[in-house]
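A.B. asks: The file below is upload-v2.cif, mmCIF, C-alpha atoms:
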data_start
loop_
_atom_site.group_PDB
_atom_site.id
_atom_site.type_symbol
_atom_site.label_atom_id
_atom_site.label_comp_id
_atom_site.auth_asym_id
_atom_site.auth_seq_id
_atom_site.Cartn_x
_atom_site.Cartn_y
_atom_site.Cartn_z
ATOM 1 C CA MET A 1 -25.162 -13.984 20.898
ATOM 2 C CA VAL A 2 -23.866 -12.802 17.557
ATOM 3 C CA GLY A 3 -20.712 -10.720 17.559
ATOM 4 C CA LEU A 4 -19.554 -9.089 14.305
ATOM 5 C CA ALA A 5 -16.645 -6.750 13.645
ATOM 6 C CA TRP A 6 -16.084 -4.212 10.897
ATOM 7 C CA LEU A 7 -12.632 -2.762 10.202
ATOM 8 C CA ILE A 8 -13.174 0.921 9.644
ATOM 9 C CA LEU A 9 -9.947 1.567 7.800
ATOM 10 C CA ALA A 10 -7.478 -1.005 6.596
ATOM 11 C CA GLY A 11 -4.278 -1.093 4.625
ATOM 12 C CA PRO A 12 -0.574 -1.903 4.865
ATOM 13 C CA ALA A 13 0.305 1.675 5.781
ATOM 14 C CA GLN A 14 -1.874 1.401 8.869
ATOM 15 C CA ALA A 15 -0.585 -1.966 10.017
ATOM 16 C CA GLN A 16 1.408 -0.448 12.867
ATOM 17 C CA MET A 17 -1.393 1.753 14.176
ATOM 18 C CA GLN A 18 -2.970 0.949 17.516
ATOM 19 C CA VAL A 19 -6.299 -0.794 17.011
ATOM 20 C CA LEU A 20 -9.159 0.199 19.304
ATOM 21 C CA ARG A 21 -12.158 -2.116 19.529
ATOM 22 C CA PHE A 22 -15.362 -0.116 19.843
ATOM 23 C CA ALA A 23 -18.720 -1.508 20.965
ATOM 24 C CA PRO A 24 -21.931 0.439 20.285
ATOM 25 C CA LEU A 25 -25.276 -0.468 21.801
ATOM 26 C CA PRO A 26 -27.464 -2.373 19.302
ATOM 27 C CA MET A 27 -30.349 0.107 19.297
ATOM 28 C CA GLN A 28 -30.820 -0.420 15.558
ATOM 29 C CA ASP A 29 -29.746 -3.091 13.078
ATOM 30 C CA ALA A 30 -26.040 -3.606 12.477
ATOM 31 C CA GLU A 31 -25.862 -1.716 9.172
ATOM 32 C CA ALA A 32 -27.596 1.345 10.636
ATOM 33 C CA VAL A 33 -25.333 1.356 13.691
ATOM 34 C CA VAL A 34 -22.159 1.100 11.607
ATOM 35 C CA ARG A 35 -23.436 3.821 9.274
ATOM 36 C CA GLU A 36 -23.992 6.159 12.243
ATOM 37 C CA PHE A 37 -20.599 5.615 13.859
ATOM 38 C CA ARG A 38 -18.265 5.171 10.882
ATOM 39 C CA PRO A 39 -17.733 8.900 10.116
ATOM 40 C CA LEU A 40 -17.160 9.810 13.772
ATOM 41 C CA LEU A 41 -14.608 7.050 14.180
ATOM 42 C CA ALA A 42 -12.898 8.091 10.948
ATOM 43 C CA PHE A 43 -12.564 11.601 12.407
ATOM 44 C CA LEU A 44 -10.939 10.216 15.559
ATOM 45 C CA GLU A 45 -8.613 8.043 13.504
ATOM 46 C CA ALA A 46 -7.393 11.050 11.533
ATOM 47 C CA ARG A 47 -6.926 13.132 14.689
ATOM 48 C CA LEU A 48 -5.236 10.507 16.850
ATOM 49 C CA GLY A 49 -3.465 8.191 14.417
ATOM 50 C CA VAL A 50 -5.296 5.083 15.620
ATOM 51 C CA ARG A 51 -7.491 2.513 13.922
ATOM 52 C CA PHE A 52 -10.968 1.405 14.988
ATOM 53 C CA GLU A 53 -12.821 -1.851 14.739
ATOM 54 C CA ILE A 54 -16.548 -1.861 15.450
ATOM 55 C CA ASP A 55 -17.561 -4.906 17.446
ATOM 56 C CA TYR A 56 -21.341 -5.245 17.097
ATOM 57 C CA SER A 57 -23.138 -7.507 19.555
ATOM 58 C CA THR A 58 -26.885 -7.961 19.678
ATOM 59 C CA ASP A 59 -27.030 -8.282 23.462
ATOM 60 C CA TYR A 60 -26.223 -5.542 25.972
ATOM 61 C CA GLY A 61 -24.917 -8.054 28.493
ATOM 62 C CA GLU A 62 -22.471 -9.462 25.962
ATOM 63 C CA ILE A 63 -21.010 -5.995 25.418
ATOM 64 C CA LEU A 64 -20.432 -5.538 29.132
ATOM 65 C CA GLU A 65 -18.787 -8.952 29.425
ATOM 66 C CA LYS A 66 -16.455 -8.138 26.540
ATOM 67 C CA PHE A 67 -15.559 -4.865 28.218
ATOM 68 C CA ARG A 68 -14.674 -6.575 31.490
ATOM 69 C CA SER A 69 -12.621 -9.245 29.735
ATOM 70 C CA GLY A 70 -10.606 -6.647 27.806
ATOM 71 C CA GLU A 71 -12.055 -7.571 24.399
ATOM 72 C CA VAL A 72 -13.531 -4.065 24.067
ATOM 73 C CA ASP A 73 -11.564 -0.833 24.509
ATOM 74 C CA LEU A 74 -14.328 1.721 24.074
ATOM 75 C CA ALA A 75 -18.095 1.545 24.271
ATOM 76 C CA TYR A 76 -21.104 3.761 23.640
ATOM 77 C CA LEU A 77 -23.421 3.157 26.579
ATOM 78 C CA GLY A 78 -26.743 4.403 27.840
ATOM 79 C CA PRO A 79 -27.148 5.219 31.522
ATOM 80 C CA LEU A 80 -28.366 1.850 32.827
ATOM 81 C CA PRO A 81 -25.711 -0.232 31.017
ATOM 82 C CA TYR A 82 -23.125 2.276 32.221
ATOM 83 C CA VAL A 83 -24.069 2.086 35.909
ATOM 84 C CA GLU A 84 -24.378 -1.705 35.777
ATOM 85 C CA LEU A 85 -20.874 -1.920 34.323
ATOM 86 C CA ARG A 86 -19.305 0.763 36.512
ATOM 87 C CA ASP A 87 -20.725 -0.764 39.692
ATOM 88 C CA ARG A 88 -18.888 -3.985 38.849
ATOM 89 C CA ASP A 89 -15.768 -2.608 37.193
ATOM 90 C CA ASP A 90 -13.600 0.300 38.369
ATOM 91 C CA ALA A 91 -11.795 0.345 35.013
ATOM 92 C CA VAL A 92 -14.753 2.087 33.350
ATOM 93 C CA GLU A 93 -13.822 5.698 32.549
ATOM 94 C CA PRO A 94 -16.569 7.933 31.137
ATOM 95 C CA LEU A 95 -14.993 10.307 28.617
ATOM 96 C CA VAL A 96 -17.828 12.454 27.247
ATOM 97 C CA VAL A 97 -21.600 12.440 27.042
ATOM 98 C CA PHE A 98 -23.261 13.141 23.684
ATOM 99 C CA ARG A 99 -25.806 15.927 23.458
ATOM 100 C CA GLU A 100 -29.287 15.166 22.159
ATOM 101 C CA PRO A 101 -30.790 16.982 19.133
ATOM 102 C CA ASP A 102 -32.151 19.687 21.454
ATOM 103 C CA GLY A 103 -28.601 20.406 22.618
ATOM 104 C CA GLN A 104 -29.109 18.924 26.085
ATOM 105 C CA ALA A 105 -26.864 16.233 27.574
ATOM 106 C CA HIS A 106 -29.852 14.176 28.660
ATOM 107 C CA TYR A 107 -32.737 12.319 27.032
ATOM 108 C CA THR A 108 -36.047 10.708 27.893
ATOM 109 C CA CYS A 109 -37.795 7.352 27.447
ATOM 110 C CA SER A 110 -41.389 6.963 26.307
ATOM 111 C CA VAL A 111 -44.229 4.495 26.352
ATOM 112 C CA VAL A 112 -45.640 4.394 22.824
ATOM 113 C CA MET A 113 -48.832 3.122 21.213
ATOM 114 C CA PHE A 114 -50.307 3.086 17.708
ATOM 115 C CA ALA A 115 -52.561 6.089 17.227
ATOM 116 C CA ASP A 116 -55.638 4.107 16.137
ATOM 117 C CA ASP A 117 -55.297 1.733 19.108
ATOM 118 C CA ARG A 118 -54.438 4.260 21.771
ATOM 119 C CA GLN A 119 -55.704 3.466 25.275
ATOM 120 C CA PRO A 120 -55.186 4.927 28.759
ATOM 121 C CA LEU A 121 -52.102 3.581 30.515
ATOM 122 C CA GLY A 122 -54.344 2.197 33.223
ATOM 123 C CA ALA A 123 -55.861 -0.213 30.708
ATOM 124 C CA LEU A 124 -52.588 -2.028 30.011
ATOM 125 C CA ALA A 125 -52.942 -4.646 32.748
ATOM 126 C CA GLY A 126 -53.104 -8.016 31.043
ATOM 127 C CA GLN A 127 -52.171 -6.584 27.655
ATOM 128 C CA SER A 128 -49.029 -6.982 25.559
ATOM 129 C CA VAL A 129 -46.049 -4.649 25.994
ATOM 130 C CA ALA A 130 -42.874 -4.655 23.891
ATOM 131 C CA LEU A 131 -39.596 -3.901 25.665
ATOM 132 C CA THR A 132 -36.055 -3.527 24.362
ATOM 133 C CA GLN A 133 -33.590 -5.409 26.606
ATOM 134 C CA PRO A 134 -33.281 -5.953 30.364
ATOM 135 C CA LEU A 135 -30.193 -3.727 30.526
ATOM 136 C CA SER A 136 -31.772 -1.007 28.382
ATOM 137 C CA THR A 137 -32.647 2.134 30.324
ATOM 138 C CA CYS A 138 -35.816 2.536 28.260
ATOM 139 C CA GLY A 139 -36.760 -1.114 28.780
ATOM 140 C CA TYR A 140 -38.102 -2.601 31.997
ATOM 141 C CA LEU A 141 -36.652 0.175 34.163
ATOM 142 C CA ALA A 142 -38.361 3.139 32.485
ATOM 143 C CA VAL A 143 -41.584 1.410 31.468
ATOM 144 C CA LYS A 144 -42.300 0.099 34.953
ATOM 145 C CA ALA A 145 -41.684 3.563 36.392
ATOM 146 C CA LEU A 146 -44.045 5.129 33.838
ATOM 147 C CA LEU A 147 -46.841 2.616 34.406
ATOM 148 C CA ARG A 148 -46.719 2.847 38.187
ATOM 149 C CA PRO A 149 -48.602 6.208 38.477
ATOM 150 C CA ALA A 150 -51.403 4.707 36.351
ATOM 151 C CA GLY A 151 -51.804 1.864 38.828
ATOM 152 C CA VAL A 152 -50.400 -0.799 36.500
ATOM 153 C CA ARG A 153 -47.611 -3.178 37.460
ATOM 154 C CA LEU A 154 -45.476 -4.151 34.486
ATOM 155 C CA GLU A 155 -45.274 -7.740 35.710
ATOM 156 C CA HIS A 156 -49.064 -7.908 35.356
ATOM 157 C CA THR A 157 -48.806 -7.239 31.624
ATOM 158 C CA ARG A 158 -47.683 -9.668 28.950
ATOM 159 C CA TYR A 159 -44.306 -8.189 28.137
ATOM 160 C CA ASP A 160 -41.589 -9.425 25.808
ATOM 161 C CA TYR A 161 -38.033 -8.295 25.180
ATOM 162 C CA LEU A 162 -37.588 -7.656 21.452
ATOM 163 C CA GLY A 163 -34.009 -6.336 21.492
ATOM 164 C CA ARG A 164 -33.714 -3.096 19.530
ATOM 165 C CA HIS A 165 -35.671 0.131 19.824
ATOM 166 C CA ASP A 166 -36.630 0.057 16.154
ATOM 167 C CA GLU A 167 -38.021 -3.457 16.595
ATOM 168 C CA VAL A 168 -40.252 -2.181 19.406
ATOM 169 C CA ALA A 169 -41.510 0.702 17.271
ATOM 170 C CA LEU A 170 -42.383 -1.517 14.316
ATOM 171 C CA ALA A 171 -44.009 -4.181 16.487
ATOM 172 C CA VAL A 172 -46.351 -1.581 17.993
ATOM 173 C CA VAL A 173 -47.116 -0.052 14.591
ATOM 174 C CA ARG A 174 -47.964 -3.517 13.190
ATOM 175 C CA GLY A 175 -50.304 -4.160 16.088
ATOM 176 C CA ASP A 176 -48.267 -7.050 17.485
ATOM 177 C CA TYR A 177 -48.183 -5.243 20.861
ATOM 178 C CA GLN A 178 -50.538 -2.771 22.463
ATOM 179 C CA ALA A 179 -47.680 -0.640 23.811
ATOM 180 C CA GLY A 180 -43.914 -0.433 23.908
ATOM 181 C CA GLY A 181 -41.044 1.312 25.657
ATOM 182 C CA MET A 182 -38.240 3.066 23.801
ATOM 183 C CA LYS A 183 -36.031 6.129 23.565
ATOM 184 C CA THR A 184 -38.152 9.180 22.807
ATOM 185 C CA HIS A 185 -35.838 10.388 20.072
ATOM 186 C CA ILE A 186 -36.160 7.105 18.177
ATOM 187 C CA ALA A 187 -39.935 7.044 18.727
ATOM 188 C CA ARG A 188 -40.202 10.362 16.903
ATOM 189 C CA ARG A 189 -38.780 8.754 13.772
ATOM 190 C CA TYR A 190 -41.879 6.554 13.551
ATOM 191 C CA GLU A 191 -44.537 9.192 14.131
ATOM 192 C CA HIS A 192 -45.257 9.277 10.399
ATOM 193 C CA LEU A 193 -46.344 5.636 10.693
ATOM 194 C CA GLY A 194 -48.816 6.442 13.452
ATOM 195 C CA LEU A 195 -46.671 5.868 16.534
ATOM 196 C CA VAL A 196 -47.664 8.157 19.405
ATOM 197 C CA ARG A 197 -45.989 8.828 22.748
ATOM 198 C CA VAL A 198 -48.381 8.441 25.671
ATOM 199 C CA ALA A 199 -45.998 8.822 28.618
ATOM 200 C CA GLU A 200 -42.458 10.141 29.033
ATOM 201 C CA THR A 201 -39.834 10.018 31.758
ATOM 202 C CA GLY A 202 -38.030 12.987 33.155
ATOM 203 C CA PRO A 203 -34.514 13.756 31.899
ATOM 204 C CA LEU A 204 -31.971 10.946 32.140
ATOM 205 C CA PRO A 205 -28.201 11.424 31.726
ATOM 206 C CA GLY A 206 -27.159 11.000 28.127
ATOM 207 C CA PHE A 207 -25.281 8.321 26.234
ATOM 208 C CA ALA A 208 -21.586 8.280 27.020
ATOM 209 C CA LEU A 209 -18.376 7.208 25.369
ATOM 210 C CA VAL A 210 -16.527 5.137 27.961
ATOM 211 C CA ALA A 211 -12.976 3.850 27.920
ATOM 212 C CA ASN A 212 -11.518 0.658 29.350
ATOM 213 C CA ALA A 213 -8.701 1.841 31.619
ATOM 214 C CA ARG A 214 -7.094 -1.605 31.381
ATOM 215 C CA THR A 215 -6.431 -1.187 27.664
ATOM 216 C CA VAL A 216 -6.650 2.561 26.924
ATOM 217 C CA THR A 217 -3.891 4.717 28.394
ATOM 218 C CA PRO A 218 -4.686 7.967 30.238
ATOM 219 C CA GLU A 219 -2.944 9.844 27.428
ATOM 220 C CA LEU A 220 -5.166 8.281 24.788
ATOM 221 C CA GLN A 221 -8.253 8.852 26.935
ATOM 222 C CA ALA A 222 -7.325 12.525 27.108
ATOM 223 C CA GLY A 223 -6.785 12.593 23.352
ATOM 224 C CA LEU A 224 -10.176 11.077 22.628
ATOM 225 C CA ARG A 225 -11.906 13.460 25.007
ATOM 226 C CA GLY A 226 -10.049 16.461 23.639
ATOM 227 C CA ALA A 227 -10.768 15.601 19.997
ATOM 228 C CA LEU A 228 -14.499 15.318 20.624
ATOM 229 C CA MET A 229 -14.624 18.367 22.880
ATOM 230 C CA SER A 230 -12.975 20.417 20.139
ATOM 231 C CA VAL A 231 -15.991 20.020 17.843
ATOM 232 C CA HIS A 232 -18.692 22.692 18.303
ATOM 233 C CA PRO A 233 -21.308 22.169 15.586
ATOM 234 C CA GLY A 234 -23.710 24.664 17.138
ATOM 235 C CA GLU A 235 -21.139 27.441 17.148
ATOM 236 C CA ARG A 236 -18.832 26.963 14.161
ATOM 237 C CA PRO A 237 -20.091 26.461 10.572
ATOM 238 C CA GLU A 238 -17.037 24.372 9.692
ATOM 239 C CA ASP A 239 -17.813 21.986 12.543
ATOM 240 C CA ALA A 240 -21.472 21.805 11.535
ATOM 241 C CA GLU A 241 -20.288 20.743 8.092
ATOM 242 C CA LEU A 242 -17.844 18.226 9.607
ATOM 243 C CA VAL A 243 -20.560 16.324 11.469
ATOM 244 C CA THR A 244 -23.191 16.176 8.719
ATOM 245 C CA GLU A 245 -22.442 12.513 8.039
ATOM 246 C CA TRP A 246 -22.152 11.495 11.693
ATOM 247 C CA GLY A 247 -25.097 9.612 13.113
ATOM 248 C CA GLU A 248 -27.979 11.805 14.252
ATOM 249 C CA PRO A 249 -27.410 11.013 17.971
ATOM 250 C CA LEU A 250 -23.709 11.933 17.629
ATOM 251 C CA ARG A 251 -23.649 15.201 15.713
ATOM 252 C CA HIS A 252 -24.783 17.705 18.329
ATOM 253 C CA GLY A 253 -21.598 18.027 20.334
ATOM 254 C CA VAL A 254 -20.462 16.567 23.640
ATOM 255 C CA GLU A 255 -20.011 17.565 27.263
ATOM 256 C CA THR A 256 -17.767 16.363 30.040
ATOM 257 C CA VAL A 257 -19.262 13.688 32.260
ATOM 258 C CA SER A 258 -18.527 12.079 35.597
ATOM 259 C CA ASP A 259 -19.789 9.013 37.395
ATOM 260 C CA GLU A 260 -21.751 11.211 39.819
ATOM 261 C CA ASP A 261 -23.947 12.393 36.942
ATOM 262 C CA TYR A 262 -25.524 8.924 36.859
ATOM 263 C CA GLU A 263 -26.674 8.803 40.471
ATOM 264 C CA PRO A 264 -30.336 9.465 39.473
ATOM 265 C CA VAL A 265 -30.245 6.282 37.393
ATOM 266 C CA ARG A 266 -28.819 4.291 40.280
ATOM 267 C CA ARG A 267 -31.634 5.529 42.504
ATOM 268 C CA LEU A 268 -34.268 4.624 39.918
ATOM 269 C CA ARG A 269 -32.711 1.186 39.464
ATOM 270 C CA ASP A 270 -32.900 0.591 43.210
ATOM 271 C CA GLU A 271 -36.558 1.654 43.231
ATOM 272 C CA VAL A 272 -37.468 -0.505 40.228
ATOM 273 C CA PRO A 273 -35.670 -3.857 40.574
ATOM 274 C CA ILE A 274 -35.289 -5.623 37.223
ATOM 275 C CA PRO A 275 -36.194 -9.345 37.222
ATOM 276 C CA GLY A 276 -33.019 -11.364 37.574
ATOM 277 C CA GLN A 277 -30.865 -8.373 38.499
ATOM 278 C CA GLY A 278 -27.871 -9.259 40.603
ATOM 279 C CA ARG A 279 -27.293 -12.626 38.954
ATOM 280 C CA GLU A 280 -23.875 -13.291 37.560
ATOM 281 C CA ASP A 281 -24.899 -13.406 33.917
ATOM 282 C CA TRP A 282 -25.204 -9.950 32.372
ATOM 283 C CA GLY A 283 -28.337 -11.099 30.571
ATOM 284 C CA LEU A 284 -30.225 -10.793 33.858
ATOM 285 C CA GLY A 285 -31.279 -14.397 34.134
ATOM 286 C CA GLY A 286 -30.962 -15.163 30.442
ATOM 287 C CA VAL A 287 -33.818 -12.859 29.488
ATOM 288 C CA GLY A 288 -33.471 -11.567 25.974
ATOM 289 C CA GLY A 289 -34.502 -12.003 22.407
ATOM 290 C CA ASN A 290 -38.238 -12.637 22.286
ATOM 291 C CA ARG A 291 -38.624 -14.240 25.697
ATOM 292 C CA SER A 292 -40.672 -12.903 28.589
ATOM 293 C CA GLN A 293 -39.631 -12.766 32.220
ATOM 294 C CA HIS A 294 -42.397 -12.183 34.750
ATOM 295 C CA GLU A 295 -42.267 -11.790 38.485
ATOM 296 C CA ASP A 296 -44.494 -13.870 40.715
#
If you convert what's in this file into structure tokens, what do you get?
C.D. replies:
Amino acid sequence: MVGLAWLILAGPAQAQMQVLRFAPLPMQDAEAVVREFRPLLAFLEARLGVRFEIDYSTDYGEILEKFRSGEVDLAYLGPLPYVELRDRDDAVEPLVVFREPDGQAHYTCSVVMFADDRQPLGALAGQSVALTQPLSTCGYLAVKALLRPAGVRLEHTRYDYLGRHDEVALAVVRGDYQAGGMKTHIARRYEHLGLVRVAETGPLPGFALVANARTVTPELQAGLRGALMSVHPGERPEDAELVTEWGEPLRHGVETVSDEDYEPVRRLRDEVPIPGQGREDWGLGGVGGNRSQHED
């Protein structure tokens, strides 16, 4: 998989600063992801006197491997990647969870279709379904759970993993797939193109900033948490102005988080086994890109 790094700030005066390698999930293309995170990381650099590098990988499993090997110090993870990593690695320390645009520290996943081609969920057997990645909460995990009440088994559809949420949205809009699974908030961005949400999960714990306890000291963890917790964009006009350039998923404030908050995701994962789960490779059997993985 491709791994790219951007140095957020550089210069001789910063040569002695501690460098923290940060890995975001590739929910959009690399330029969009860097654009969303750059201002937030610049804020943390100014507050804490550190320097950030963004390490962008296209595969969720690659990010988790880098974390375990110490190549990544901090990561922005959704609930399923978090629990998969935490269940294998005690060095994962959740620092904060980011609030969604509605101010809640949780989000939902949706099954989407193109408005002109909308069908009942029960008609999806044998049809094409676009998914994100095996380790994406809104991928196989959420879509299978949403199809189950309609009497459709996901493995009886023709599903493909496309990678990013925006790729799923555009593939459904183009008519390449009858349906797709993605984060509800991102789906809303494509409503003007005719994307409609036909099913939605209940609340899932939000996206978290997690630290690698092997490489990030408790003091620095506390500093990162404190800096983010000090920003209250919904309460202070100066903070609302501060976050205007932060990515839309990042500018609504944060809350404290603990591992216990993710127990609902663990239960859902146990109820909806993902093909290949439990194998040593984080890619869940090598599934990724534009390849399908179907159960017998």
A.B. asks: Between CA of Asp87 in chain A and CA of Cys109 in chain A, what is the spacing in Å?
C.D. replies: 22.5 Å
A.B. asks: Please measure the separation of CA of Leu170 in chain A and CA of Leu40 in chain A, giving the value in Å to one decimal.
C.D. replies: 27.7 Å
A.B. asks: Quick one: which residues end up in the PyMOL selection byres ((chain A and resi 36) around 8) for this structure, as a PDB file with C-alpha atoms, in the coordinates of the input?
C.D. replies:
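Result saved to expr-v7.pdb:
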ATOM      1  CA  ALA A  32     -27.596   1.345  10.636  1.00  0.00           C
ATOM      2  CA  VAL A  33     -25.333   1.356  13.691  1.00  0.00           C
ATOM      3  CA  VAL A  34     -22.159   1.100  11.607  1.00  0.00           C
ATOM      4  CA  ARG A  35     -23.436   3.821   9.274  1.00  0.00           C
ATOM      5  CA  PHE A  37     -20.599   5.615  13.859  1.00  0.00           C
ATOM      6  CA  ARG A  38     -18.265   5.171  10.882  1.00  0.00           C
ATOM      7  CA  PRO A  39     -17.733   8.900  10.116  1.00  0.00           C
ATOM      8  CA  LEU A  40     -17.160   9.810  13.772  1.00  0.00           C
ATOM      9  CA  GLU A 245     -22.442  12.513   8.039  1.00  0.00           C
ATOM     10  CA  TRP A 246     -22.152  11.495  11.693  1.00  0.00           C
ATOM     11  CA  GLY A 247     -25.097   9.612  13.113  1.00  0.00           C
ATOM     12  CA  GLU A 248     -27.979  11.805  14.252  1.00  0.00           C
ATOM     13  CA  LEU A 250     -23.709  11.933  17.629  1.00  0.00           C
TER      14      LEU A 250
END
A.B. asks: Please measure the separation of CA of Ala187 in chain A and CA of Leu131 in chain A, giving the value in Å to one decimal.
C.D. replies: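 Rounded to one decimal, the two atoms are 13.0 Å apart.
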A.B. asks: List, as number ranges by chain, every residue that the PyMOL selection byres ((chain A and resi 122) around 10) selects in the file provided.
C.D. replies: A: 119-121, 123-125, 147-153
A.B. asks: Which residues fall under the PyMOL selection byres ((chain A and resi 168) around 9) in this file, as a list in words?
C.D. replies: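 Checking the PyMOL selection byres ((chain A and resi 168) around 9) against this file, the residues are Ala130, Leu131, Thr132, Tyr161, Leu162, Gly163, Arg164, His165, Asp166, Glu167, Ala169, Leu170, Ala171, Val172, Val173, Tyr177, Ala179, Gly180, Gly181 and Met182 of chain A.
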A.B. asks: Of the candidates A:Leu48, A:Val257, A:Leu154, A:Ala213, which one gets nearest to Ala91 in chain A if we count all atoms listed in the file?
C.D. replies: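 Closest residue, counting all atoms listed in the file: A:Ala213.
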A.B. asks: So that I can see what lies close to range 17-23 of chain A, please list as JSON, numbers by chain the residues with an atom at most 10 Å from it, counting all atoms listed in the file and leaving out residues fewer than 6 positions away in the same chain.
C.D. replies: {"A": [5, 6, 7, 37, 41, 45, 48, 49, 50, 51, 52, 53, 54, 55, 56, 57, 60, 63, 64, 66, 67, 70, 71, 72, 73, 74, 75, 76, 77, 209, 210, 211, 215, 216]}
A.B. asks: Pick out the closest residue to Glu255 in chain A from this set: A:Asp160, A:Arg99, A:Pro275, A:Gly126. Count only C-alpha atoms.
C.D. replies: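 For Glu255 in chain A, the nearest of the candidates is A:Arg99.
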A.B. asks: List as a count of residues only the protein and nucleic acid residues near Asp90 in chain A, meaning an atom at most 12 Å away when all atoms listed in the file are counted, but skip any in the same chain fewer than 2 places from it.
C.D. replies: 18
A.B. asks: Just checking: using all atoms listed in the file, which residue out of A:Val196, A:Leu224, A:Ala240, A:Ile186 ends up closest to Leu95 in chain A?
C.D. replies: A:Leu224
A.B. asks: Quick one: what's the axis-aligned box for range 121-138 of chain A, all listed atoms, 8 Å on every side, centre and edges in Å to one decimal, as AutoDock Vina command-line options?
C.D. replies:
--center_x -43.0 --center_y -2.2 --center_z 28.6 --size_x 41.7 --size_y 27.6 --size_z 25.3
A.B. asks: Compare A:Ser110, A:Ala199, A:Glu271, A:Thr256 by their minimum atom-to-atom distance to Ser230 in chain A, counting only C-alpha atoms, and give me the closest one.
C.D. replies: A:Thr256
A.B. asks: Fewer than 2 positions away in the same chain doesn't count, so skip those; otherwise give me all residues within 8 Å of Ala105 in chain A, counting all atoms listed in the file, as an NGL selection string.
C.D. replies: :A and (97-100 or 103 or 107 or 205-206 or 254-255)
A.B. asks: Rank nothing, just name the residue among A:Cys138, A:Gln133, A:Phe43, A:Glu62 nearest to His185 in chain A, using only C-alpha atoms.
C.D. replies: A:Cys138
A.B. asks: Kindly output range 231-235 of chain A as a short mmCIF file (atom, residue, chain, number, x, y, z; two decimals), in the coordinates of the input, after building all heavy atoms.
C.D. replies:
data_model
loop_
_atom_site.label_atom_id
_atom_site.label_comp_id
_atom_site.auth_asym_id
_atom_site.auth_seq_id
_atom_site.Cartn_x
_atom_site.Cartn_y
_atom_site.Cartn_z
N VAL A 231 -14.99 19.86 18.90
CA VAL A 231 -15.99 20.02 17.84
C VAL A 231 -17.21 20.73 18.42
O VAL A 231 -17.83 20.25 19.37
CB VAL A 231 -16.39 18.65 17.26
CG1 VAL A 231 -17.45 18.82 16.18
CG2 VAL A 231 -15.17 17.92 16.70
N HIS A 232 -17.57 21.88 17.81
CA HIS A 232 -18.69 22.69 18.30
C HIS A 232 -19.65 22.98 17.14
O HIS A 232 -19.66 24.09 16.59
CB HIS A 232 -18.18 24.00 18.91
CG HIS A 232 -17.23 23.79 20.06
ND1 HIS A 232 -17.67 23.50 21.33
CD2 HIS A 232 -15.87 23.80 20.10
CE1 HIS A 232 -16.62 23.36 22.13
NE2 HIS A 232 -15.52 23.54 21.41
N PRO A 233 -20.45 21.99 16.77
CA PRO A 233 -21.31 22.17 15.59
C PRO A 233 -22.35 23.26 15.73
O PRO A 233 -22.81 23.80 14.71
CB PRO A 233 -21.97 20.79 15.44
CG PRO A 233 -21.85 20.14 16.77
CD PRO A 233 -20.59 20.66 17.37
N GLY A 234 -22.72 23.61 16.96
CA GLY A 234 -23.71 24.66 17.14
C GLY A 234 -23.13 26.05 17.11
O GLY A 234 -23.87 27.05 17.11
N GLU A 235 -21.80 26.14 17.07
CA GLU A 235 -21.14 27.44 17.15
C GLU A 235 -20.29 27.75 15.92
O GLU A 235 -20.14 28.94 15.58
CB GLU A 235 -20.25 27.50 18.40
CG GLU A 235 -21.02 27.26 19.70
CD GLU A 235 -20.09 27.10 20.88
OE1 GLU A 235 -18.89 27.43 20.74
OE2 GLU A 235 -20.54 26.62 21.94
#
